[in-house]
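Data from protein-v7.csv: CSV, C-alpha atoms
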```csv
chain,number,residue,atom,x,y,z
A,1,MET,CA,85.7,111.7,100.9
A,2,THR,CA,89.4,111.6,102.0
A,3,LEU,CA,91.7,114.6,101.7
A,4,ILE,CA,93.6,113.0,98.9
A,5,GLU,CA,90.4,112.4,96.9
A,6,GLN,CA,89.4,116.0,97.5
A,7,LEU,CA,92.8,117.2,96.4
A,8,GLU,CA,92.5,115.1,93.2
A,9,ARG,CA,89.1,116.6,92.4
A,10,LEU,CA,90.2,120.2,93.0
A,11,ALA,CA,93.3,119.6,90.9
A,12,ALA,CA,91.0,118.9,88.0
A,13,VAL,CA,89.2,122.3,88.2
A,14,GLU,CA,89.8,124.2,85.0
A,15,PRO,CA,91.0,127.9,85.2
A,16,SER,CA,88.2,130.4,85.4
A,17,PRO,CA,88.0,134.0,84.1
A,18,TYR,CA,86.2,134.8,87.3
A,19,PRO,CA,87.7,134.9,90.8
A,20,VAL,CA,88.3,131.5,92.5
A,21,VAL,CA,88.5,132.0,96.3
A,22,SER,CA,90.7,129.6,98.4
A,23,LEU,CA,90.4,130.2,102.1
A,24,TYR,CA,92.3,128.2,104.8
A,25,LEU,CA,91.4,128.8,108.4
A,26,ASN,CA,92.7,127.7,111.8
A,27,THR,CA,89.3,127.2,113.6
A,28,GLN,CA,90.7,126.2,117.0
A,29,PRO,CA,89.1,128.3,119.7
A,30,ASN,CA,91.1,130.6,121.9
A,31,ALA,CA,91.6,130.3,125.6
A,32,ARG,CA,88.1,131.7,126.2
A,33,GLY,CA,86.6,129.2,123.8
A,34,ARG,CA,85.9,131.7,121.0
A,35,ASP,CA,86.7,131.6,117.3
A,36,GLN,CA,89.8,133.5,116.2
A,37,TYR,CA,89.2,133.6,112.4
A,38,GLN,CA,86.3,136.0,111.9
A,39,THR,CA,88.3,139.2,112.0
A,40,PHE,CA,90.7,137.8,109.4
A,41,VAL,CA,87.8,136.7,107.2
A,42,ARG,CA,85.9,140.0,107.4
A,43,LYS,CA,89.0,142.2,106.7
A,44,GLU,CA,90.6,140.1,104.0
A,45,LEU,CA,87.5,139.2,102.0
A,46,LYS,CA,86.5,142.9,101.9
A,47,ALA,CA,90.0,143.9,100.8
A,48,ARG,CA,90.0,141.3,98.0
A,49,ALA,CA,86.6,142.4,96.8
A,50,ALA,CA,87.9,146.0,96.7
A,51,THR,CA,90.5,145.1,94.1
A,52,TYR,CA,87.8,144.6,91.4
A,53,PRO,CA,85.9,147.5,89.9
A,54,PRO,CA,82.4,148.1,91.3
A,55,ARG,CA,79.6,146.7,89.1
A,56,SER,CA,82.1,144.6,87.1
A,57,SER,CA,81.1,141.0,86.4
A,58,GLU,CA,84.1,139.8,88.4
A,59,ARG,CA,83.0,141.9,91.4
A,60,GLU,CA,79.4,140.7,91.2
A,61,MET,CA,80.5,137.1,91.1
A,62,LEU,CA,83.0,137.6,94.0
A,63,ASP,CA,80.4,139.4,96.1
A,64,ARG,CA,78.0,136.4,95.8
A,65,ASP,CA,80.9,134.1,96.8
A,66,LEU,CA,81.7,136.2,99.8
A,67,GLU,CA,78.1,136.3,100.9
A,68,ARG,CA,77.9,132.5,100.7
A,69,ILE,CA,81.2,132.1,102.6
A,70,ALA,CA,80.0,134.4,105.4
A,71,THR,CA,76.7,132.5,105.7
A,72,PHE,CA,78.6,129.2,105.9
A,73,LEU,CA,81.0,130.4,108.5
A,74,GLU,CA,78.2,131.8,110.6
A,75,SER,CA,76.3,128.5,111.1
A,76,ASN,CA,78.0,125.5,109.5
A,77,VAL,CA,81.4,125.2,111.1
A,78,GLN,CA,81.5,122.0,113.1
A,79,PRO,CA,82.5,122.4,116.8
A,80,SER,CA,85.0,119.6,116.4
A,81,ALA,CA,86.8,121.2,113.4
A,82,ASN,CA,90.3,122.6,114.1
A,83,GLY,CA,90.9,123.5,110.4
A,84,LEU,CA,88.8,124.5,107.5
A,85,ALA,CA,89.6,124.8,103.8
A,86,LEU,CA,87.0,126.4,101.5
A,87,PHE,CA,87.0,126.9,97.7
A,88,ALA,CA,84.4,129.0,96.0
A,89,CYS,CA,83.6,130.3,92.5
A,90,ASP,CA,80.0,131.2,91.7
A,91,ALA,CA,80.7,131.2,87.9
A,92,ALA,CA,82.1,127.7,88.0
A,93,ASN,CA,79.4,126.4,90.4
A,94,LEU,CA,82.2,125.6,92.9
A,95,PHE,CA,81.6,125.6,96.6
A,96,GLU,CA,83.7,123.0,98.4
A,97,THR,CA,84.3,122.9,102.1
A,98,ILE,CA,86.7,120.6,104.0
A,99,GLN,CA,86.5,120.5,107.8
A,100,LEU,CA,89.3,118.8,109.6
A,101,GLU,CA,90.1,117.6,113.1
A,102,ALA,CA,93.7,118.4,112.2
A,103,PRO,CA,94.6,122.1,112.7
A,104,ILE,CA,95.6,124.3,109.9
A,105,GLU,CA,98.6,126.3,111.1
A,106,ALA,CA,97.7,129.7,109.8
A,107,HIS,CA,94.9,131.6,108.1
A,108,SER,CA,95.5,132.3,104.4
A,109,LEU,CA,93.4,133.6,101.5
A,110,PHE,CA,94.2,133.3,97.8
A,111,VAL,CA,92.1,134.6,94.9
A,112,GLY,CA,93.1,133.5,91.5
A,113,GLU,CA,92.0,131.5,88.4
A,114,ARG,CA,92.3,128.1,90.1
A,115,PRO,CA,92.0,126.7,93.6
A,116,HIS,CA,95.2,127.3,95.7
A,117,LEU,CA,96.2,123.7,96.5
A,118,TYR,CA,99.7,123.9,98.0
A,119,PRO,CA,98.4,124.1,101.7
A,120,LEU,CA,95.9,121.2,101.0
A,121,ALA,CA,98.6,119.0,99.5
A,122,ARG,CA,100.8,119.8,102.5
A,123,LEU,CA,98.0,118.7,104.9
A,124,VAL,CA,97.9,115.3,103.1
A,125,SER,CA,101.6,115.0,103.7
A,126,GLN,CA,101.4,116.0,107.3
A,127,TYR,CA,98.5,113.7,108.2
A,128,PRO,CA,99.1,110.5,106.1
A,129,ARG,CA,97.0,107.4,106.0
A,130,TYR,CA,98.5,104.6,108.1
A,131,ALA,CA,97.6,101.7,110.4
A,132,ALA,CA,98.4,101.3,114.1
A,133,VAL,CA,98.5,97.8,115.6
A,134,LEU,CA,98.1,97.7,119.4
A,135,ALA,CA,98.9,94.0,120.0
A,136,ASP,CA,98.1,92.0,123.0
A,137,THR,CA,98.1,88.2,123.5
A,138,ASN,CA,94.3,88.0,123.7
A,139,ARG,CA,92.9,91.3,122.4
A,140,THR,CA,94.5,93.4,119.7
A,141,ARG,CA,93.3,96.7,118.1
A,142,ILE,CA,93.9,97.7,114.5
A,143,LEU,CA,93.3,101.4,114.0
A,144,VAL,CA,93.3,103.2,110.6
A,145,LEU,CA,94.4,106.9,111.0
A,146,ALA,CA,94.2,109.6,108.3
A,147,ASP,CA,93.7,113.3,107.9
A,148,GLY,CA,94.6,113.8,111.6
A,149,ALA,CA,91.8,111.6,113.0
A,150,VAL,CA,91.1,107.9,113.8
A,151,GLN,CA,89.0,106.5,110.9
A,152,THR,CA,88.4,103.0,112.2
A,153,ASP,CA,89.2,101.1,115.3
A,154,THR,CA,88.8,97.3,115.0
A,155,ALA,CA,89.2,94.9,117.9
A,156,ILE,CA,90.4,91.3,117.3
A,157,GLU,CA,89.4,89.1,120.3
A,158,GLY,CA,91.4,86.0,121.3
A,159,VAL,CA,90.9,83.4,123.9
A,160,LYS,CA,91.6,84.6,127.5
A,161,THR,CA,93.8,82.2,129.4
A,162,ARG,CA,94.4,81.8,133.1
A,163,ARG,CA,96.2,79.5,135.4
A,164,THR,CA,94.4,76.3,136.4
A,165,SER,CA,93.7,75.3,139.9
A,166,GLN,CA,95.9,72.7,141.7
A,167,GLY,CA,95.6,69.3,140.1
A,168,GLY,CA,95.3,70.6,136.5
A,169,TRP,CA,97.8,70.3,133.7
A,170,SER,CA,101.5,70.3,134.4
A,171,GLN,CA,103.2,73.7,134.1
A,172,ALA,CA,105.0,72.8,130.8
A,173,ARG,CA,101.8,71.5,129.2
A,174,TYR,CA,99.9,74.5,130.4
A,175,GLN,CA,102.5,76.8,129.0
A,176,ARG,CA,102.3,75.1,125.5
A,177,HIS,CA,98.5,75.4,125.7
A,178,VAL,CA,98.8,79.2,126.4
A,179,GLU,CA,101.4,79.7,123.7
A,180,ASN,CA,99.2,78.0,121.1
A,181,TYR,CA,96.3,80.3,122.0
A,182,HIS,CA,98.6,83.3,121.7
A,183,LEU,CA,100.0,82.2,118.3
A,184,GLN,CA,96.5,81.5,117.0
A,185,HIS,CA,95.4,85.0,118.1
A,186,ILE,CA,98.4,86.7,116.3
A,187,LYS,CA,97.7,84.7,113.1
A,188,GLU,CA,94.1,86.1,113.2
A,189,VAL,CA,95.5,89.6,113.8
A,190,VAL,CA,97.8,89.3,110.8
A,191,ALA,CA,95.0,88.0,108.6
A,192,ALA,CA,92.8,90.9,109.6
A,193,LEU,CA,95.6,93.4,109.1
A,194,GLU,CA,96.2,92.1,105.6
A,195,LYS,CA,92.5,92.7,104.7
A,196,ILE,CA,92.5,96.2,106.2
A,197,VAL,CA,95.8,97.2,104.4
A,198,LEU,CA,94.3,96.1,101.1
A,199,ALA,CA,90.9,97.7,101.6
A,200,GLU,CA,92.2,101.0,103.0
A,201,GLY,CA,95.2,101.4,100.7
A,202,ILE,CA,97.7,101.4,103.6
A,203,THR,CA,101.4,101.6,102.9
A,204,ARG,CA,102.8,102.3,106.4
A,205,ILE,CA,102.2,100.6,109.8
A,206,VAL,CA,103.1,101.4,113.4
A,207,VAL,CA,103.1,98.4,115.8
A,208,SER,CA,103.0,98.4,119.6
A,209,GLY,CA,103.1,95.5,122.1
A,210,ASP,CA,105.0,93.9,124.9
A,211,PRO,CA,108.2,91.7,124.7
A,212,VAL,CA,106.0,88.6,124.5
A,213,VAL,CA,103.7,89.6,121.6
A,214,LEU,CA,106.0,91.6,119.4
A,215,PRO,CA,108.3,88.7,118.4
A,216,LEU,CA,105.2,86.7,117.5
A,217,LEU,CA,103.9,89.5,115.4
A,218,ARG,CA,107.2,89.8,113.6
A,219,GLU,CA,107.4,86.1,112.9
A,220,GLN,CA,103.9,85.9,111.5
A,221,MET,CA,103.9,89.0,109.3
A,222,PRO,CA,104.6,88.2,105.6
A,223,LYS,CA,107.4,90.3,104.1
A,224,ALA,CA,105.0,92.7,102.3
A,225,LEU,CA,103.5,93.7,105.7
A,226,ALA,CA,106.8,93.7,107.6
A,227,ASP,CA,108.3,96.1,105.0
A,228,MET,CA,105.5,98.6,105.8
A,229,VAL,CA,106.4,98.8,109.5
A,230,VAL,CA,108.0,102.1,110.2
A,231,GLU,CA,108.2,102.0,114.0
A,232,GLU,CA,107.6,99.8,117.1
A,233,LEU,CA,106.2,101.5,120.2
A,234,SER,CA,105.1,100.7,123.7
A,235,LEU,CA,101.4,101.7,123.9
A,236,ALA,CA,98.8,99.9,126.1
A,237,ALA,CA,96.2,98.0,124.1
A,238,ASP,CA,93.5,100.0,125.8
A,239,SER,CA,95.0,103.4,125.1
A,240,THR,CA,92.6,106.1,124.2
A,241,GLN,CA,92.2,107.0,120.5
A,242,ALA,CA,93.6,110.5,121.3
A,243,ASP,CA,96.8,108.9,122.8
A,244,VAL,CA,97.2,106.6,119.9
A,245,LEU,CA,96.8,109.4,117.4
A,246,ARG,CA,99.3,111.7,119.2
A,247,THR,CA,101.9,109.0,119.9
A,248,THR,CA,101.8,107.3,116.5
A,249,LEU,CA,101.7,110.6,114.5
A,250,ALA,CA,104.9,111.7,116.4
A,251,ALA,CA,106.5,108.4,115.5
A,252,MET,CA,105.5,108.8,111.8
A,253,ARG,CA,107.0,112.3,111.7
A,254,ALA,CA,110.2,111.2,113.3
A,255,ALA,CA,110.5,108.4,110.6
A,256,ASP,CA,109.6,111.0,107.9
A,257,ALA,CA,112.4,113.3,109.1
A,258,GLN,CA,114.9,110.5,108.5
A,259,SER,CA,113.4,109.4,105.2
A,260,ASP,CA,113.2,113.1,104.0
A,261,ARG,CA,116.9,113.4,104.1
A,262,GLU,CA,117.4,110.0,102.3
A,263,LYS,CA,114.9,110.9,99.6
A,264,VAL,CA,116.5,114.3,98.9
A,265,GLU,CA,119.9,112.7,98.8
A,266,ALA,CA,118.7,110.1,96.4
A,267,ALA,CA,117.1,112.6,94.0
A,268,VAL,CA,120.1,114.9,94.0
A,269,GLY,CA,122.5,111.9,93.6
A,270,ALA,CA,120.5,110.6,90.6
A,271,TYR,CA,120.5,114.1,89.1
A,272,ARG,CA,124.3,114.5,89.6
A,273,ALA,CA,124.8,111.1,87.9
A,274,GLY,CA,122.7,112.0,85.0
A,275,GLY,CA,120.1,109.4,86.1
A,276,LEU,CA,116.5,109.4,87.3
A,277,GLY,CA,116.5,112.7,89.2
A,278,VAL,CA,115.9,116.4,88.7
A,279,VAL,CA,116.3,119.4,90.9
A,280,GLY,CA,114.9,123.0,90.8
A,281,PRO,CA,111.4,124.3,90.0
A,282,ASP,CA,111.9,124.7,86.3
A,283,ALA,CA,113.4,121.3,85.6
A,284,THR,CA,110.9,119.6,87.9
A,285,LEU,CA,107.9,121.3,86.3
A,286,LEU,CA,109.2,120.2,82.8
A,287,ALA,CA,109.6,116.6,84.1
A,288,LEU,CA,106.1,116.7,85.5
A,289,THR,CA,104.6,118.0,82.2
A,290,ASN,CA,106.3,115.0,80.5
A,291,GLY,CA,104.8,112.6,83.0
A,292,GLN,CA,108.3,111.5,84.2
A,293,VAL,CA,108.0,112.2,87.9
A,294,ASP,CA,107.7,109.3,90.3
A,295,GLU,CA,108.0,111.2,93.6
A,296,LEU,CA,107.9,115.0,93.9
A,297,LEU,CA,109.8,116.6,96.8
A,298,MET,CA,108.7,120.1,97.8
A,299,THR,CA,109.8,122.3,100.7
A,300,ALA,CA,107.1,122.8,103.3
A,301,SER,CA,107.6,126.6,103.1
A,302,LEU,CA,106.3,128.5,100.1
A,303,ALA,CA,108.8,131.3,100.8
A,304,ARG,CA,111.7,128.8,100.2
A,305,ILE,CA,110.6,128.0,96.6
A,306,ASP,CA,112.6,129.9,94.0
A,307,ALA,CA,110.6,131.9,91.4
A,308,LEU,CA,110.9,130.9,87.7
A,309,PRO,CA,112.9,133.2,85.4
A,310,ASP,CA,110.6,135.9,83.9
A,311,SER,CA,110.4,134.2,80.5
A,312,ARG,CA,109.3,130.8,82.0
A,313,ALA,CA,106.9,132.5,84.4
A,314,ALA,CA,105.3,134.2,81.4
A,315,GLU,CA,105.0,130.8,79.7
A,316,LEU,CA,103.3,129.4,82.8
A,317,ALA,CA,100.9,132.3,83.0
A,318,LEU,CA,100.1,131.8,79.4
A,319,ALA,CA,99.5,128.1,79.8
A,320,ASN,CA,97.2,128.8,82.7
A,321,ASP,CA,95.2,131.4,80.8
A,322,THR,CA,94.9,129.4,77.5
A,323,ALA,CA,91.6,127.9,78.5
A,324,LEU,CA,90.2,131.4,79.2
A,325,ALA,CA,89.8,132.1,75.5
A,326,GLU,CA,89.1,135.8,75.1
A,327,GLU,CA,87.9,136.4,78.7
A,328,PRO,CA,90.1,138.5,81.0
A,329,ALA,CA,92.4,136.6,83.2
A,330,VAL,CA,92.1,136.9,87.0
A,331,GLU,CA,95.0,138.7,88.6
A,332,PRO,CA,96.0,136.6,91.7
A,333,THR,CA,96.1,138.2,95.1
A,334,ALA,CA,97.0,136.7,98.4
A,335,ALA,CA,96.7,137.3,102.1
A,336,GLY,CA,97.8,135.7,105.3
A,337,GLU,CA,100.4,132.9,105.0
A,338,THR,CA,100.5,132.9,101.2
A,339,ALA,CA,101.3,136.6,101.2
A,340,GLY,CA,104.7,135.7,102.5
A,341,ALA,CA,105.6,134.4,99.1
A,342,ASP,CA,105.6,136.0,95.7
A,343,VAL,CA,102.2,135.5,93.9
A,344,GLY,CA,104.1,134.0,91.0
A,345,VAL,CA,105.7,131.4,93.4
A,346,VAL,CA,102.2,130.6,94.7
A,347,ARG,CA,101.0,130.0,91.2
A,348,LEU,CA,104.1,127.9,90.4
A,349,ALA,CA,103.6,125.8,93.5
A,350,ASP,CA,100.0,125.2,92.7
A,351,GLU,CA,100.8,124.2,89.1
A,352,ILE,CA,103.5,121.7,90.3
A,353,VAL,CA,101.0,120.2,92.8
A,354,ARG,CA,98.2,120.1,90.2
A,355,ILE,CA,100.3,118.3,87.5
A,356,ALA,CA,101.7,115.9,90.1
A,357,GLN,CA,98.1,114.9,91.1
A,358,GLN,CA,97.0,114.5,87.5
A,359,THR,CA,100.0,112.3,86.6
A,360,SER,CA,99.8,110.2,89.7
A,361,ALA,CA,103.2,111.4,91.1
A,362,ARG,CA,103.6,110.9,94.8
A,363,ILE,CA,104.1,114.2,96.7
A,364,GLN,CA,106.3,114.5,99.8
A,365,PHE,CA,106.7,117.7,101.7
A,366,ILE,CA,110.2,118.2,103.2
A,367,GLU,CA,109.8,119.8,106.6
A,368,ASP,CA,113.5,120.8,107.0
A,369,PRO,CA,113.9,123.7,104.6
A,370,SER,CA,117.7,123.4,104.5
A,371,LEU,CA,117.5,120.1,102.6
A,372,LEU,CA,116.0,121.5,99.4
A,373,GLU,CA,117.2,125.1,99.8
A,374,PRO,CA,120.3,124.7,97.5
A,375,HIS,CA,117.9,123.3,94.8
A,376,GLY,CA,115.2,126.0,94.8
A,377,GLY,CA,112.9,124.1,97.1
A,378,VAL,CA,111.9,121.4,94.6
A,379,ALA,CA,113.3,118.1,93.4
A,380,ALA,CA,112.0,114.8,92.1
A,381,THR,CA,112.8,111.2,91.3
A,382,LEU,CA,111.9,110.0,87.8
A,383,ARG,CA,110.2,107.0,86.3
A,384,PHE,CA,112.1,107.3,83.1
A,385,ARG,CA,114.5,109.5,81.2
A,386,ILE,CA,113.8,111.3,77.9
```
In structure tokens, what does this structure look like?
Amino acid sequence: MTLIEQLERLAAVEPSPYPVVSLYLNTQPNARGRDQYQTFVRKELKARAATYPPRSSEREMLDRDLERIATFLESNVQPSANGLALFACDAANLFETIQLEAPIEAHSLFVGERPHLYPLARLVSQYPRYAAVLADTNRTRILVLADGAVQTDTAIEGVKTRRTSQGGWSQARYQRHVENYHLQHIKEVVAALEKIVLAEGITRIVVSGDPVVLPLLREQMPKALADMVVEELSLAADSTQADVLRTTLAAMRAADAQSDREKVEAAVGAYRAGGLGVVGPDATLLALTNGQVDELLMTASLARIDALPDSRAAELALANDTALAEEPAVEPTAAGETAGADVGVVRLADEIVRIAQQTSARIQFIEDPSLLEPHGGVAATLRFRI
């Protein structure tokens, strides 16, 4: 299951009257090859449990969750994992684990009535799904990369050509012969790329090749594919998967840095003109609720999102707790990275992400906090006005 699919499933989880644990861990080993997260887990899980009265139903449920979490962390963390997201609620029969080759930047723990999804949504934005084409005149690789790892690596083999011995074709005829083979190979590459893009839901492509093959690739690409190309690089066709991942991801992020500014300017410009744009958490949340949002723009730092006015925050809390009937609502608590932001802001961010997922709005995290800072950390472009 992909990260985006897991995000969609968790966004559909209904609020619970019992604690829902959301745990994000950086599982990269230290310089001695040892795990660095166990101290954080032991300390913070114990502290969260202590906020509930002994022998209360909430405490009993949470204790069972914490025991199951401890058991999982003891023996089920994959050696290749650099990041781990875990969601647990015994009462809701929820125990979801996501192990990633991509690192999670910092440990964080959130206990509330729903899964804490802001960090997971940001990971989707940081490690998007895209294709990398390492083109050569006789052997080309098409890689699909997502969630910080290489998902598939497909080789397209062409005909190898070499110079003939003396007495063979003339140089001009031989050159045409070679060029025809190269052209046929690139046509096969483009056909294979079209199938992969359709099957994998690819919307962005990075291409690499030498001065001979790149012009051929550009000429043969239909406009729909050409419009997806975000960068041209110079990577050897036999580059290791690790090198391809590192180089192409850096190129994707450089392209995103430019497009982030353009997207924010477009949303703000549309808002100023009274058109298809909104800015600020309150207005954006309302537009999401109405199903108007086409693309949601959020700052990549929780601490840079403005809190709602007290009256609107109360409305949001009431909306979250409506499904709880007469059961007591869980009071959210946070530790680690999420503790750097007000718990109300954390709840707001999660609600924005949750509704965006449920209304099929695209989510883009803006890494430069200064771009959205004047607008409360949130903006959006709209599908329609009301």
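In this structure, atom CA of A:Ala106 sits 22.0 Å away from atom CA of A:Arg68.
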Nearby residues (all atoms listed in the file) at most 9 Å from A:Leu214, same-chain spacing under 4 positions excluded, as a PyMOL selection string: chain A and resi 135-136+207-210+218-219+232
Since we have the selection now, will you write its residues out, keeping C-alpha atoms, as a PDB file, in the coordinates of the input?
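The resulting out-v9.pdb:
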```
ATOM      1  CA  ALA A 135      98.900  94.000 120.000  1.00  0.00           C
ATOM      2  CA  ASP A 136      98.100  92.000 123.000  1.00  0.00           C
ATOM      3  CA  VAL A 207     103.100  98.400 115.800  1.00  0.00           C
ATOM      4  CA  SER A 208     103.000  98.400 119.600  1.00  0.00           C
ATOM      5  CA  GLY A 209     103.100  95.500 122.100  1.00  0.00           C
ATOM      6  CA  ASP A 210     105.000  93.900 124.900  1.00  0.00           C
ATOM      7  CA  ARG A 218     107.200  89.800 113.600  1.00  0.00           C
ATOM      8  CA  GLU A 219     107.400  86.100 112.900  1.00  0.00           C
ATOM      9  CA  GLU A 232     107.600  99.800 117.100  1.00  0.00           C
TER      10      GLU A 232
END
```
### Query
By how many Å are atom CA of A:Thr97 and atom CA of A:Ala85 apart?
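Answer for the atom CA of A:Thr97 to atom CA of A:Ala85 separation: 5.9 Å.
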Close residues, A:Lys263 itself excluded, 9 Å, all atoms listed in the file, min 6 positions apart in chain, as a VMD selection string: chain A and resid 297 380 to 381
Just write the chosen residues, C-alpha atoms, as a PDB file, in the frame of the given file.
```pdb
ATOM      1  CA  LEU A 297     109.800 116.600  96.800  1.00  0.00           C
ATOM      2  CA  ALA A 380     112.000 114.800  92.100  1.00  0.00           C
ATOM      3  CA  THR A 381     112.800 111.200  91.300  1.00  0.00           C
TER       4      THR A 381
END
```
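Of the residues under consideration (A:Ala146, A:Val293, A:Val345, A:Ala356), A:Val293 shows the shortest atom-to-atom contact distance to A:Arg383 when counting all atoms listed in the file.
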Judged by only C-alpha atoms, the minimum distance to A:Leu117 among A:Val144, A:Val20, A:Leu296, A:Val279 is found for A:Val20
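Going from atom CA of A:Thr137 over to atom CA of A:Leu235, you cover 13.9 Å.
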_Taking 2 positions as the minimum chain separation for residues in the same chain, which residues sit within 9 Å of stretch 118-121 of chain A when counting only C-alpha atoms? Answer as a ChimeraX atom specification._
/A:3-4,7,24,85,104,116,123-126,300,302,346,349-354,363-365
Among A:Arg34, A:Thr140, A:Gln78, A:Asp368, A:Gln258 is approached most closely, using only C-alpha atoms, by A:Asp368
Atom completion result for stretch 243-263 of chain A (N, CA and C atoms) as a PDB file, in the frame of the given file:
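Just written: selection-v2.pdb:
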```pdb
ATOM      1  N   ASP A 243      95.366 109.301 122.533  1.00  0.00           N
ATOM      2  CA  ASP A 243      96.800 108.900 122.800  1.00  0.00           C
ATOM      3  C   ASP A 243      97.402 108.206 121.671  1.00  0.00           C
ATOM      4  N   VAL A 244      96.638 107.309 121.045  1.00  0.00           N
ATOM      5  CA  VAL A 244      97.200 106.600 119.900  1.00  0.00           C
ATOM      6  C   VAL A 244      97.511 107.527 118.771  1.00  0.00           C
ATOM      7  N   LEU A 245      96.604 108.448 118.482  1.00  0.00           N
ATOM      8  CA  LEU A 245      96.800 109.400 117.400  1.00  0.00           C
ATOM      9  C   LEU A 245      98.060 110.257 117.677  1.00  0.00           C
ATOM     10  N   ARG A 246      98.153 110.802 118.878  1.00  0.00           N
ATOM     11  CA  ARG A 246      99.300 111.700 119.200  1.00  0.00           C
ATOM     12  C   ARG A 246     100.607 110.947 119.169  1.00  0.00           C
ATOM     13  N   THR A 247     100.656 109.772 119.762  1.00  0.00           N
ATOM     14  CA  THR A 247     101.900 109.000 119.900  1.00  0.00           C
ATOM     15  C   THR A 247     102.368 108.496 118.506  1.00  0.00           C
ATOM     16  N   THR A 248     101.435 107.905 117.768  1.00  0.00           N
ATOM     17  CA  THR A 248     101.800 107.300 116.500  1.00  0.00           C
ATOM     18  C   THR A 248     102.144 108.394 115.443  1.00  0.00           C
ATOM     19  N   LEU A 249     101.445 109.527 115.495  1.00  0.00           N
ATOM     20  CA  LEU A 249     101.700 110.600 114.500  1.00  0.00           C
ATOM     21  C   LEU A 249     103.129 111.172 114.798  1.00  0.00           C
ATOM     22  N   ALA A 250     103.498 111.290 116.069  1.00  0.00           N
ATOM     23  CA  ALA A 250     104.900 111.700 116.400  1.00  0.00           C
ATOM     24  C   ALA A 250     105.892 110.755 115.871  1.00  0.00           C
ATOM     25  N   ALA A 251     105.603 109.463 115.989  1.00  0.00           N
ATOM     26  CA  ALA A 251     106.500 108.400 115.500  1.00  0.00           C
ATOM     27  C   ALA A 251     106.620 108.496 113.964  1.00  0.00           C
ATOM     28  N   MET A 252     105.497 108.717 113.308  1.00  0.00           N
ATOM     29  CA  MET A 252     105.500 108.800 111.800  1.00  0.00           C
ATOM     30  C   MET A 252     106.336 110.005 111.387  1.00  0.00           C
ATOM     31  N   ARG A 253     106.217 111.113 112.092  1.00  0.00           N
ATOM     32  CA  ARG A 253     107.000 112.300 111.700  1.00  0.00           C
ATOM     33  C   ARG A 253     108.451 112.163 111.959  1.00  0.00           C
ATOM     34  N   ALA A 254     108.791 111.456 113.030  1.00  0.00           N
ATOM     35  CA  ALA A 254     110.200 111.200 113.300  1.00  0.00           C
ATOM     36  C   ALA A 254     110.789 110.306 112.180  1.00  0.00           C
ATOM     37  N   ALA A 255     110.007 109.312 111.748  1.00  0.00           N
ATOM     38  CA  ALA A 255     110.500 108.400 110.600  1.00  0.00           C
ATOM     39  C   ALA A 255     110.560 109.240 109.351  1.00  0.00           C
ATOM     40  N   ASP A 256     109.617 110.149 109.134  1.00  0.00           N
ATOM     41  CA  ASP A 256     109.600 111.000 107.900  1.00  0.00           C
ATOM     42  C   ASP A 256     110.864 111.885 107.897  1.00  0.00           C
ATOM     43  N   ALA A 257     111.250 112.419 109.068  1.00  0.00           N
ATOM     44  CA  ALA A 257     112.400 113.300 109.100  1.00  0.00           C
ATOM     45  C   ALA A 257     113.656 112.594 108.609  1.00  0.00           C
ATOM     46  N   GLN A 258     113.781 111.316 108.945  1.00  0.00           N
ATOM     47  CA  GLN A 258     114.900 110.500 108.500  1.00  0.00           C
ATOM     48  C   GLN A 258     114.787 110.213 106.988  1.00  0.00           C
ATOM     49  N   SER A 259     113.592 109.798 106.588  1.00  0.00           N
ATOM     50  CA  SER A 259     113.400 109.400 105.200  1.00  0.00           C
ATOM     51  C   SER A 259     113.455 110.645 104.267  1.00  0.00           C
ATOM     52  N   ASP A 260     113.071 111.824 104.775  1.00  0.00           N
ATOM     53  CA  ASP A 260     113.200 113.100 104.000  1.00  0.00           C
ATOM     54  C   ASP A 260     114.584 113.281 103.483  1.00  0.00           C
ATOM     55  N   ARG A 261     115.513 113.174 104.421  1.00  0.00           N
ATOM     56  CA  ARG A 261     116.900 113.400 104.100  1.00  0.00           C
ATOM     57  C   ARG A 261     117.374 112.345 103.035  1.00  0.00           C
ATOM     58  N   GLU A 262     116.981 111.099 103.245  1.00  0.00           N
ATOM     59  CA  GLU A 262     117.400 110.000 102.300  1.00  0.00           C
ATOM     60  C   GLU A 262     116.776 110.267 100.928  1.00  0.00           C
ATOM     61  N   LYS A 263     115.531 110.713 100.869  1.00  0.00           N
ATOM     62  CA  LYS A 263     114.900 110.900  99.600  1.00  0.00           C
ATOM     63  C   LYS A 263     115.517 112.095  98.823  1.00  0.00           C
TER      64      LYS A 263
END
```
